[in-house]
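One structure below.
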Amino acid sequence: NLQSTTTLNNGVEMPWLGLGVFQVEEGQVLVDAVKVAIKHGYRSIDTAAIYGNEAGVGQGIREAIEETGVPREDLFVTSKVWNSELGYDSTIAAYEESVSKLGLDYLDLYLIHWPVAGKYKEAWRALETLYKDGRVKAIGVSNFQIHHLEDLMKVAEIKPMINQVESHPRLSQKELKLFCEEYNIQVEAWAPLMQGQLFNNEALQEIANKYEKSVAQVILRWHLQNGVITIPKSTKAHRIVENADVFNFELTDEDMKHIESLNKNHRVGPDPDNFD
Ligand code: NAD
């Protein structure tokens with residue numbers, strides 16, 4: 001179910017599915033989306049300093065806790081340090097600012113948002129400090145390619161628990177997934193639905209019809225069966241509910257392969273090697 005979790009390499013439990021809030025501005029729509037999600041069983045919320053919406057996410061969380069009685073410890077809140085703050089002191093300060101905007105006293109997961117060359121190792125040292133201090137339950141990276149992970153692990157004392165990367169049927173990230181599996185780094189997909197660009201895909205529609213599910217549900221199920229965490233974004237209550245209803249059916253091996261065959265190594269976001 002929606003509260004089922006995977007165990008990260010440090011023993012922390014992280015939900016398989018969460019709510020993404022990229023491009024959702026501060027305001028009632030955001031607060032309500034977070035509350036609707038938690039009321040319908042979501043336990044994980046993914047935000048970032050650069051999204052500019054941590055205050056609203058925090059408000060939604062606080063109101064949901066008050067109205068549902070779900071304890072803070074059952075929630076899993078992720079934020080990310082932005083590129084401009086990647087340094088030892090600046091990353092620690094950025095963490096404290098995120099926590100303060102969210103109105104929380106700890107985060108469950110803190111990520112380096114992008115692998116800015118020459119900067120991510122110092123930032124990682126800061127994440128290690130935050131983790132060792134018990135200020136954050138798990139630490140990880142985002143948009144790291146294999147070479148970035150190899151480079152980081154040469155100096156890291158603690159290896160990342162998560163690598164959050166763009167992934168969907170047009171960018172299946174097969175090689176990176178195998179690498180992360182080998183090192184016990186959990187892969188988490190952003191833009192799991194390719195930001196809405198796959199809903200007219202005929203092959204996916206056909207598969208969806210067969211299971212009497214939506215294309216969104218089939219894609220999210222494909223991620224799950226690949227052992228990938230997803231954080232689909234929506235502010236519409238019916239879609240938030242729909243995206244969570246993916247734990248009661250199973251794609252056949254044949255359909256899994258069919259979806260994998262749609263891969264074109266096509267990105268909707270920036271190339272991590274050329275983005276800072
Ligand atoms: P997504 O793949 O989750 O797609 C979101 C889009 O699909 C929205 O336009 C939404 O309205 C639509 N949608 C969602 N569910 C639907 C449904 N059931 N039916 C029809 N349409 C539906 O894209 P995303 O928001 O870019 O990615 C998800 C989350 O990943 C973000 O919100 C954010 O939290 C995170 N993210 C991280 C990074 C990073 O660099 N680490 C980058 C982008 C996003």
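Going through the structure tokens in order, the chains are called A, B, and so on, while each chain numbers its residues from 1 and the ligands are numbered from 1 in the order shown.
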Which of region 105-159 of chain A DSSP labels helix (DSSP H, G or I), written as a VMD selection string: chain A and resid 120 to 132 146 to 155
Residue subset to file, keeping C-alpha atoms, as an mmCIF file, in the first residue's frame:
```cif
data_model
loop_
_atom_site.group_PDB
_atom_site.id
_atom_site.type_symbol
_atom_site.label_atom_id
_atom_site.label_comp_id
_atom_site.auth_asym_id
_atom_site.auth_seq_id
_atom_site.Cartn_x
_atom_site.Cartn_y
_atom_site.Cartn_z
ATOM 1 C CA TYR A 120 29.632 18.863 -4.519
ATOM 2 C CA LYS A 121 32.372 17.254 -2.410
ATOM 3 C CA GLU A 122 32.464 20.123 0.119
ATOM 4 C CA ALA A 123 28.685 20.089 0.223
ATOM 5 C CA TRP A 124 28.754 16.353 0.862
ATOM 6 C CA ARG A 125 31.048 16.871 3.857
ATOM 7 C CA ALA A 126 28.391 19.223 5.232
ATOM 8 C CA LEU A 127 25.661 16.621 4.689
ATOM 9 C CA GLU A 128 27.814 14.066 6.496
ATOM 10 C CA THR A 129 28.106 16.452 9.452
ATOM 11 C CA LEU A 130 24.348 17.061 9.527
ATOM 12 C CA TYR A 131 23.773 13.310 9.404
ATOM 13 C CA LYS A 132 26.312 12.499 12.114
ATOM 14 C CA ILE A 146 27.757 7.202 -12.614
ATOM 15 C CA HIS A 147 30.975 9.217 -12.901
ATOM 16 C CA HIS A 148 29.771 11.717 -10.297
ATOM 17 C CA LEU A 149 28.923 8.903 -7.880
ATOM 18 C CA GLU A 150 32.302 7.254 -8.432
ATOM 19 C CA ASP A 151 34.065 10.550 -7.875
ATOM 20 C CA LEU A 152 32.091 11.305 -4.705
ATOM 21 C CA MET A 153 32.518 7.841 -3.226
ATOM 22 C CA LYS A 154 36.309 8.141 -3.544
ATOM 23 C CA VAL A 155 36.248 10.735 -0.740
#
```
Please, which residues have at least one atom within 6 Å of an atom of ligand 1, using only C-alpha atoms and all ligand atoms, listed as number ranges by chain? A: 20-22, 46-47, 113, 142, 164, 190-196, 216, 231-234, 239, 242-243
Given the selection you just returned, output its residues as a file containing C-alpha atoms, formatted as an mmCIF file, in the first residue's frame.
```cif
data_model
loop_
_atom_site.group_PDB
_atom_site.id
_atom_site.type_symbol
_atom_site.label_atom_id
_atom_site.label_comp_id
_atom_site.auth_asym_id
_atom_site.auth_seq_id
_atom_site.Cartn_x
_atom_site.Cartn_y
_atom_site.Cartn_z
ATOM 1 C CA GLY A 20 6.286 16.147 -5.620
ATOM 2 C CA VAL A 21 5.676 19.906 -5.446
ATOM 3 C CA PHE A 22 7.987 21.354 -8.128
ATOM 4 C CA ASP A 46 9.497 16.102 -1.894
ATOM 5 C CA THR A 47 10.439 19.781 -1.988
ATOM 6 C CA HIS A 113 20.279 19.046 -5.914
ATOM 7 C CA SER A 142 20.264 14.187 -7.101
ATOM 8 C CA GLN A 164 17.135 11.165 -7.247
ATOM 9 C CA TRP A 190 11.807 12.702 -10.638
ATOM 10 C CA ALA A 191 9.448 13.552 -13.492
ATOM 11 C CA PRO A 192 8.267 9.940 -13.159
ATOM 12 C CA LEU A 193 5.402 10.839 -15.538
ATOM 13 C CA MET A 194 7.710 12.752 -17.908
ATOM 14 C CA GLN A 195 5.899 15.900 -16.787
ATOM 15 C CA GLY A 196 2.768 14.784 -18.611
ATOM 16 C CA ALA A 216 -0.174 7.470 -15.121
ATOM 17 C CA ILE A 231 7.233 11.363 -6.388
ATOM 18 C CA PRO A 232 4.569 12.295 -8.967
ATOM 19 C CA LYS A 233 3.412 15.897 -8.808
ATOM 20 C CA SER A 234 -0.185 17.039 -8.884
ATOM 21 C CA ARG A 239 -5.023 12.892 -9.499
ATOM 22 C CA GLU A 242 -5.241 8.259 -8.687
ATOM 23 C CA ASN A 243 -1.436 8.298 -8.574
#
```
Mind checking DSSP for region 69-195 of chain A and telling me the strand (DSSP E or B) residues as a PyMOL selection string? chain A and resi 76-81+107-112+136-142+162-166+168+171+186-190
Any idea what's packed within 12 Å of Val136 (chain A), counting only C-alpha atoms, ignoring anything in its chain fewer than 6 positions away? Could you give it as a CSV table (one decimal) with all heavy atoms, in the first residue's frame?
```csv
chain,number,residue,atom,x,y,z
A,12,VAL,N,17.1,3.3,7.4
A,12,VAL,CA,15.9,4.2,7.5
A,12,VAL,C,14.8,3.7,6.4
A,12,VAL,O,15.2,3.3,5.3
A,12,VAL,CB,16.3,5.7,7.2
A,12,VAL,CG1,15.1,6.5,6.8
A,12,VAL,CG2,17.0,6.3,8.4
A,76,PHE,N,7.7,11.6,5.9
A,76,PHE,CA,9.1,11.6,5.3
A,76,PHE,C,9.2,12.8,4.5
A,76,PHE,O,8.7,12.9,3.4
A,76,PHE,CB,9.2,10.3,4.5
A,76,PHE,CG,10.7,10.0,4.2
A,76,PHE,CD1,11.4,9.1,4.9
A,76,PHE,CD2,11.3,10.7,3.1
A,76,PHE,CE1,12.8,8.8,4.6
A,76,PHE,CE2,12.6,10.4,2.8
A,76,PHE,CZ,13.3,9.5,3.5
A,77,VAL,N,10.0,13.8,5.0
A,77,VAL,CA,10.1,15.1,4.3
A,77,VAL,C,11.5,15.2,3.7
A,77,VAL,O,12.5,15.1,4.4
A,77,VAL,CB,9.8,16.2,5.2
A,77,VAL,CG1,9.8,17.6,4.5
A,77,VAL,CG2,8.4,16.0,5.9
A,78,THR,N,11.5,15.5,2.4
A,78,THR,CA,12.8,15.7,1.7
A,78,THR,C,12.9,17.1,1.2
A,78,THR,O,12.0,17.8,0.7
A,78,THR,CB,12.8,14.8,0.4
A,78,THR,OG1,12.6,13.5,0.7
A,78,THR,CG2,14.1,15.0,-0.4
A,79,SER,N,14.2,17.7,1.4
A,79,SER,CA,14.5,19.0,0.7
A,79,SER,C,15.9,18.8,0.1
A,79,SER,O,16.6,17.8,0.3
A,79,SER,CB,14.3,20.2,1.6
A,79,SER,OG,14.4,21.4,0.8
A,80,LYS,N,16.3,19.9,-0.6
A,80,LYS,CA,17.5,19.8,-1.4
A,80,LYS,C,18.3,21.1,-1.3
A,80,LYS,O,17.7,22.2,-1.3
A,80,LYS,CB,17.3,19.5,-2.9
A,80,LYS,CG,16.2,18.4,-3.1
A,80,LYS,CD,15.9,18.1,-4.5
A,80,LYS,CE,14.8,17.2,-4.7
A,80,LYS,NZ,13.4,17.9,-4.8
A,92,ILE,N,25.5,23.9,5.3
A,92,ILE,CA,24.9,23.8,6.6
A,92,ILE,C,23.9,24.9,6.9
A,92,ILE,O,22.8,24.6,7.4
A,92,ILE,CB,26.0,23.9,7.7
A,92,ILE,CG1,27.1,22.8,7.5
A,92,ILE,CG2,25.4,23.9,9.1
A,92,ILE,CD1,27.0,21.6,8.4
A,95,TYR,N,20.7,24.2,5.0
A,95,TYR,CA,19.9,23.2,5.6
A,95,TYR,C,19.1,23.8,6.7
A,95,TYR,O,17.8,23.6,6.8
A,95,TYR,CB,20.8,22.1,6.2
A,95,TYR,CG,20.0,21.0,7.0
A,95,TYR,CD1,19.3,20.0,6.3
A,95,TYR,CD2,19.8,21.1,8.4
A,95,TYR,CE1,18.5,19.1,7.0
A,95,TYR,CE2,19.0,20.2,9.1
A,95,TYR,CZ,18.4,19.2,8.4
A,95,TYR,OH,17.6,18.3,9.1
A,96,GLU,N,19.7,24.6,7.6
A,96,GLU,CA,19.0,25.2,8.7
A,96,GLU,C,17.9,26.2,8.2
A,96,GLU,O,16.8,26.2,8.8
A,96,GLU,CB,20.0,26.0,9.6
A,96,GLU,CG,20.9,25.1,10.4
A,96,GLU,CD,20.2,24.0,11.2
A,96,GLU,OE1,19.0,24.2,11.6
A,96,GLU,OE2,20.8,23.0,11.6
A,98,SER,N,16.2,25.8,5.4
A,98,SER,CA,15.1,24.9,4.9
A,98,SER,C,14.2,24.4,6.0
A,98,SER,O,13.0,24.4,6.0
A,98,SER,CB,15.6,23.7,4.1
A,98,SER,OG,16.0,24.2,2.8
A,99,VAL,N,14.9,23.9,7.0
A,99,VAL,CA,14.2,23.3,8.2
A,99,VAL,C,13.4,24.4,8.9
A,99,VAL,O,12.2,24.2,9.3
A,99,VAL,CB,15.3,22.7,9.2
A,99,VAL,CG1,14.6,22.5,10.6
A,99,VAL,CG2,15.8,21.5,8.7
A,104,LEU,N,10.0,22.6,10.8
A,104,LEU,CA,10.3,21.3,11.3
A,104,LEU,C,11.5,21.3,12.2
A,104,LEU,O,12.3,22.2,12.0
A,104,LEU,CB,10.4,20.3,10.2
A,104,LEU,CG,9.2,20.1,9.2
A,104,LEU,CD1,9.6,19.2,8.0
A,104,LEU,CD2,8.0,19.6,10.0
A,105,ASP,N,11.7,20.3,13.0
A,105,ASP,CA,13.0,20.3,13.7
A,105,ASP,C,14.0,19.3,13.1
A,105,ASP,O,15.2,19.2,13.5
A,105,ASP,CB,12.9,20.2,15.2
A,105,ASP,CG,11.9,19.1,15.6
A,105,ASP,OD1,11.7,18.2,14.8
A,105,ASP,OD2,11.4,19.2,16.8
A,106,TYR,N,13.6,18.5,12.1
A,106,TYR,CA,14.5,17.7,11.3
A,106,TYR,C,13.9,17.4,10.0
A,106,TYR,O,12.7,17.5,9.8
A,106,TYR,CB,14.9,16.4,12.1
A,106,TYR,CG,13.7,15.4,12.1
A,106,TYR,CD1,13.5,14.4,11.1
A,106,TYR,CD2,12.8,15.5,13.1
A,106,TYR,CE1,12.5,13.5,11.2
A,106,TYR,CE2,11.7,14.6,13.2
A,106,TYR,CZ,11.6,13.6,12.2
A,106,TYR,OH,10.5,12.7,12.2
A,107,LEU,N,14.8,17.0,9.0
A,107,LEU,CA,14.3,16.5,7.7
A,107,LEU,C,14.6,15.0,7.7
A,107,LEU,O,15.6,14.5,8.4
A,107,LEU,CB,15.1,17.1,6.6
A,107,LEU,CG,14.8,18.6,6.3
A,107,LEU,CD1,15.5,19.0,5.0
A,107,LEU,CD2,13.3,18.9,6.2
A,108,ASP,N,13.9,14.3,6.9
A,108,ASP,CA,14.1,12.8,6.8
A,108,ASP,C,15.2,12.6,5.7
A,108,ASP,O,15.9,11.6,5.8
A,108,ASP,CB,12.8,12.2,6.4
A,108,ASP,CG,11.8,12.3,7.5
A,108,ASP,OD1,11.8,11.5,8.4
A,108,ASP,OD2,11.0,13.3,7.5
A,109,LEU,N,15.2,13.5,4.7
A,109,LEU,CA,16.2,13.3,3.7
A,109,LEU,C,16.6,14.7,3.1
A,109,LEU,O,15.8,15.5,2.9
A,109,LEU,CB,15.6,12.5,2.5
A,109,LEU,CG,16.4,12.2,1.3
A,109,LEU,CD1,17.6,11.4,1.6
A,109,LEU,CD2,15.5,11.5,0.2
A,110,TYR,N,17.9,14.8,3.0
A,110,TYR,CA,18.5,16.1,2.4
A,110,TYR,C,19.4,15.7,1.3
A,110,TYR,O,20.2,14.8,1.4
A,110,TYR,CB,19.2,16.9,3.5
A,110,TYR,CG,19.5,18.3,3.2
A,110,TYR,CD1,18.4,19.1,2.8
A,110,TYR,CD2,20.7,18.9,3.3
A,110,TYR,CE1,18.6,20.5,2.5
A,110,TYR,CE2,20.9,20.2,3.0
A,110,TYR,CZ,19.9,21.0,2.6
A,110,TYR,OH,20.1,22.4,2.3
A,111,LEU,N,19.2,16.4,0.1
A,111,LEU,CA,19.9,16.0,-1.1
A,111,LEU,C,20.7,17.1,-1.7
A,111,LEU,O,20.3,18.3,-1.6
A,111,LEU,CB,18.9,15.5,-2.2
A,111,LEU,CG,17.9,14.4,-1.9
A,111,LEU,CD1,16.9,14.2,-3.0
A,111,LEU,CD2,18.7,13.1,-1.6
A,126,ALA,N,29.4,18.6,4.4
A,126,ALA,CA,28.4,19.2,5.2
A,126,ALA,C,27.2,18.3,5.5
A,126,ALA,O,26.7,18.2,6.6
A,126,ALA,CB,27.9,20.5,4.6
A,127,LEU,N,26.8,17.6,4.5
A,127,LEU,CA,25.7,16.6,4.7
A,127,LEU,C,26.1,15.5,5.7
A,127,LEU,O,25.3,15.1,6.5
A,127,LEU,CB,25.2,16.0,3.4
A,127,LEU,CG,24.0,16.7,2.7
A,127,LEU,CD1,24.3,18.2,2.4
A,127,LEU,CD2,23.6,16.0,1.4
A,128,GLU,N,27.3,15.1,5.6
A,128,GLU,CA,27.8,14.1,6.5
A,128,GLU,C,27.8,14.6,7.9
A,128,GLU,O,27.4,13.9,8.9
A,128,GLU,CB,29.2,13.6,6.1
A,128,GLU,CG,29.3,12.8,4.8
A,128,GLU,CD,30.7,12.4,4.4
A,128,GLU,OE1,31.6,13.2,4.7
A,128,GLU,OE2,30.9,11.4,3.8
A,129,THR,N,28.2,15.8,8.1
A,129,THR,CA,28.1,16.5,9.5
A,129,THR,C,26.7,16.5,10.0
A,129,THR,O,26.4,16.1,11.1
A,129,THR,CB,28.7,17.9,9.4
A,129,THR,OG1,30.1,17.8,9.0
A,129,THR,CG2,28.6,18.6,10.8
A,130,LEU,N,25.8,17.0,9.1
A,130,LEU,CA,24.3,17.1,9.5
A,130,LEU,C,23.8,15.7,9.9
A,130,LEU,O,23.1,15.5,10.9
A,130,LEU,CB,23.5,17.6,8.4
A,130,LEU,CG,23.8,19.1,8.0
A,130,LEU,CD1,23.1,19.4,6.7
A,130,LEU,CD2,23.3,20.0,9.1
```
List as JSON, numbers by chain the protein and nucleic acid residues near Glu97 (chain A), meaning an atom at most 10 Å away when only C-alpha atoms are counted, but skip any in the same chain fewer than 6 places from it. {"A": [49, 54, 91, 103]}
Hey, can you spit out that residue selection with all heavy atoms as a compact mmCIF listing (two decimals), in the first residue's frame?
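Saved file part.txt follows:
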```txt
# COMPACT_ATOMS: atom_id res chain seq x y z
N ALA A 49 14.81 23.80 -1.74
CA ALA A 49 14.94 25.22 -1.46
C ALA A 49 14.58 26.04 -2.70
O ALA A 49 13.85 27.04 -2.61
CB ALA A 49 16.37 25.54 -0.99
N GLU A 54 8.83 26.01 0.55
CA GLU A 54 8.99 25.21 1.78
C GLU A 54 8.05 25.68 2.89
O GLU A 54 7.57 24.85 3.68
CB GLU A 54 10.44 25.24 2.25
CG GLU A 54 11.37 24.46 1.32
CD GLU A 54 12.85 24.65 1.63
OE1 GLU A 54 13.28 25.82 1.73
OE2 GLU A 54 13.57 23.65 1.78
N THR A 91 26.26 25.16 2.92
CA THR A 91 25.30 24.05 2.86
C THR A 91 24.65 23.81 4.23
O THR A 91 23.45 23.58 4.33
CB THR A 91 25.99 22.77 2.34
OG1 THR A 91 26.39 23.00 0.99
CG2 THR A 91 25.05 21.56 2.38
N GLY A 103 9.40 24.74 9.16
CA GLY A 103 8.86 24.72 10.53
C GLY A 103 9.02 23.36 11.18
O GLY A 103 8.23 22.98 12.04
```
Which residue, A:Ile240, A:Asn184, A:Val116, A:Ala93, has the smallest gap to Ile38 (chain A) when you use only C-alpha atoms? A:Ile240
Residues near region 264-270 of chain A, cut-off 12 Å, only C-alpha atoms, skip fewer than 2 positions along chain, as number ranges by chain: A: 114-115, 143, 165-176, 190-198, 259-262, 272-276
Resulting file, chosen residues, N, CA, C and O atoms, as a short mmCIF file (atom, residue, chain, number, x, y, z; two decimals), in the first residue's frame:
```cif
data_model
loop_
_atom_site.label_atom_id
_atom_site.label_comp_id
_atom_site.auth_asym_id
_atom_site.auth_seq_id
_atom_site.Cartn_x
_atom_site.Cartn_y
_atom_site.Cartn_z
N TRP A 114 22.10 19.28 -7.54
CA TRP A 114 22.78 19.04 -8.83
C TRP A 114 24.28 18.86 -8.58
O TRP A 114 24.84 19.53 -7.70
N PRO A 115 24.93 18.02 -9.39
CA PRO A 115 26.36 17.75 -9.20
C PRO A 115 27.26 18.83 -9.81
O PRO A 115 27.95 18.60 -10.79
N ASN A 143 20.52 13.95 -9.46
CA ASN A 143 21.05 14.21 -10.80
C ASN A 143 22.51 13.78 -10.95
O ASN A 143 23.23 14.33 -11.79
N VAL A 165 16.96 11.02 -9.66
CA VAL A 165 17.30 11.40 -11.05
C VAL A 165 16.04 11.42 -11.91
O VAL A 165 15.04 10.79 -11.59
N GLU A 166 16.15 12.15 -13.02
CA GLU A 166 15.05 12.11 -13.98
C GLU A 166 14.92 10.68 -14.51
O GLU A 166 15.89 10.09 -14.97
N SER A 167 13.72 10.14 -14.44
CA SER A 167 13.49 8.82 -15.05
C SER A 167 12.01 8.61 -15.35
O SER A 167 11.14 9.03 -14.58
N HIS A 168 11.77 8.02 -16.51
CA HIS A 168 10.41 7.72 -16.99
C HIS A 168 10.61 6.78 -18.18
O HIS A 168 11.77 6.49 -18.54
N PRO A 169 9.54 6.31 -18.82
CA PRO A 169 9.75 5.34 -19.91
C PRO A 169 10.60 5.85 -21.09
O PRO A 169 11.16 5.03 -21.82
N ARG A 170 10.75 7.14 -21.27
CA ARG A 170 11.63 7.65 -22.34
C ARG A 170 13.08 7.81 -21.87
O ARG A 170 13.97 8.12 -22.66
N LEU A 171 13.30 7.66 -20.57
CA LEU A 171 14.65 7.79 -20.00
C LEU A 171 14.74 6.75 -18.88
O LEU A 171 14.60 7.08 -17.71
N SER A 172 14.97 5.51 -19.28
CA SER A 172 14.82 4.45 -18.28
C SER A 172 16.01 4.34 -17.34
O SER A 172 15.90 3.77 -16.27
N GLN A 173 17.16 4.91 -17.71
CA GLN A 173 18.32 4.97 -16.80
C GLN A 173 18.81 3.60 -16.38
O GLN A 173 19.22 3.40 -15.22
N LYS A 174 18.78 2.66 -17.32
CA LYS A 174 19.08 1.27 -16.98
C LYS A 174 20.48 1.10 -16.37
O LYS A 174 20.65 0.44 -15.34
N GLU A 175 21.48 1.71 -17.01
CA GLU A 175 22.87 1.56 -16.56
C GLU A 175 23.06 2.15 -15.15
O GLU A 175 23.70 1.54 -14.29
N LEU A 176 22.49 3.35 -14.97
CA LEU A 176 22.61 4.02 -13.68
C LEU A 176 21.92 3.20 -12.58
O LEU A 176 22.42 3.07 -11.46
N TRP A 190 12.57 11.45 -10.50
CA TRP A 190 11.81 12.70 -10.64
C TRP A 190 11.27 12.76 -12.06
O TRP A 190 11.77 12.07 -12.95
N ALA A 191 10.21 13.58 -12.23
CA ALA A 191 9.45 13.55 -13.49
C ALA A 191 9.09 12.11 -13.85
O ALA A 191 9.26 11.69 -15.00
N PRO A 192 8.58 11.34 -12.87
CA PRO A 192 8.27 9.94 -13.16
C PRO A 192 7.25 9.81 -14.29
O PRO A 192 7.23 8.79 -14.98
N LEU A 193 6.42 10.85 -14.48
CA LEU A 193 5.40 10.84 -15.54
C LEU A 193 5.86 11.66 -16.74
O LEU A 193 5.05 12.06 -17.57
N MET A 194 7.14 11.92 -16.83
CA MET A 194 7.71 12.75 -17.91
C MET A 194 6.97 14.09 -18.02
O MET A 194 6.72 14.58 -19.11
N GLN A 195 6.60 14.62 -16.87
CA GLN A 195 5.90 15.90 -16.79
C GLN A 195 4.68 15.95 -17.70
O GLN A 195 4.33 17.00 -18.25
N GLY A 196 4.03 14.81 -17.86
CA GLY A 196 2.77 14.78 -18.61
C GLY A 196 2.90 14.50 -20.09
O GLY A 196 1.92 14.51 -20.83
N GLN A 197 4.12 14.22 -20.55
CA GLN A 197 4.33 14.07 -22.00
C GLN A 197 4.03 12.67 -22.55
O GLN A 197 4.20 12.43 -23.74
N LEU A 198 3.60 11.74 -21.69
CA LEU A 198 3.42 10.36 -22.17
C LEU A 198 1.97 9.92 -22.20
O LEU A 198 1.68 8.78 -22.57
N ILE A 259 7.39 -1.61 -21.92
CA ILE A 259 7.56 -0.22 -21.46
C ILE A 259 9.04 0.16 -21.52
O ILE A 259 9.40 1.26 -21.96
N GLU A 260 9.89 -0.75 -21.09
CA GLU A 260 11.35 -0.50 -21.15
C GLU A 260 11.78 -0.19 -22.60
O GLU A 260 12.67 0.65 -22.83
N SER A 261 11.14 -0.83 -23.56
CA SER A 261 11.54 -0.67 -24.97
C SER A 261 11.18 0.72 -25.51
O SER A 261 11.60 1.10 -26.60
N LEU A 262 10.41 1.49 -24.75
CA LEU A 262 10.06 2.85 -25.19
C LEU A 262 11.20 3.83 -24.92
O LEU A 262 11.16 4.99 -25.33
N PRO A 272 22.75 16.70 -16.61
CA PRO A 272 23.52 16.95 -15.39
C PRO A 272 24.99 17.31 -15.65
O PRO A 272 25.63 17.92 -14.79
N ASP A 273 25.52 16.96 -16.80
CA ASP A 273 26.91 17.28 -17.09
C ASP A 273 27.09 18.72 -17.56
O ASP A 273 28.21 19.21 -17.66
N ASN A 274 26.01 19.38 -17.88
CA ASN A 274 26.10 20.75 -18.40
C ASN A 274 25.12 21.67 -17.70
O ASN A 274 24.43 22.46 -18.32
N PHE A 275 25.04 21.55 -16.38
CA PHE A 275 24.07 22.38 -15.67
C PHE A 275 24.66 22.82 -14.34
O PHE A 275 24.99 22.00 -13.50
N ASP A 276 24.84 24.08 -14.18
CA ASP A 276 25.23 24.60 -12.88
C ASP A 276 24.72 26.03 -12.73
O ASP A 276 25.13 26.76 -11.90
#
```
For Gly60 (chain A), list every protein, DNA or RNA residue within 8 Å, evaluated using only C-alpha atoms, and leave out those in the same chain fewer than 3 positions away; present the list as an mmCIF file with C-alpha atoms, in the first residue's frame.
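Wrote it out as around-v6.cif, contents follow:
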```cif
data_model
loop_
_atom_site.group_PDB
_atom_site.id
_atom_site.type_symbol
_atom_site.label_atom_id
_atom_site.label_comp_id
_atom_site.auth_asym_id
_atom_site.auth_seq_id
_atom_site.Cartn_x
_atom_site.Cartn_y
_atom_site.Cartn_z
ATOM 1 C CA LEU A 30 -0.053 24.104 -2.280
ATOM 2 C CA VAL A 31 -1.201 23.809 1.334
ATOM 3 C CA ASP A 32 -4.313 21.919 0.234
ATOM 4 C CA ALA A 33 -2.351 19.562 -2.038
ATOM 5 C CA VAL A 34 -0.079 18.550 0.834
ATOM 6 C CA LYS A 35 -3.085 18.053 3.138
ATOM 7 C CA GLY A 56 3.627 26.285 2.382
ATOM 8 C CA VAL A 57 4.730 22.673 2.453
ATOM 9 C CA GLU A 63 -2.347 21.317 9.426
ATOM 10 C CA ALA A 64 -2.484 17.704 8.242
#
```
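Relative to CA of Val246 (chain A), CA of Gln59 (chain A) is found at 27.5 Å.
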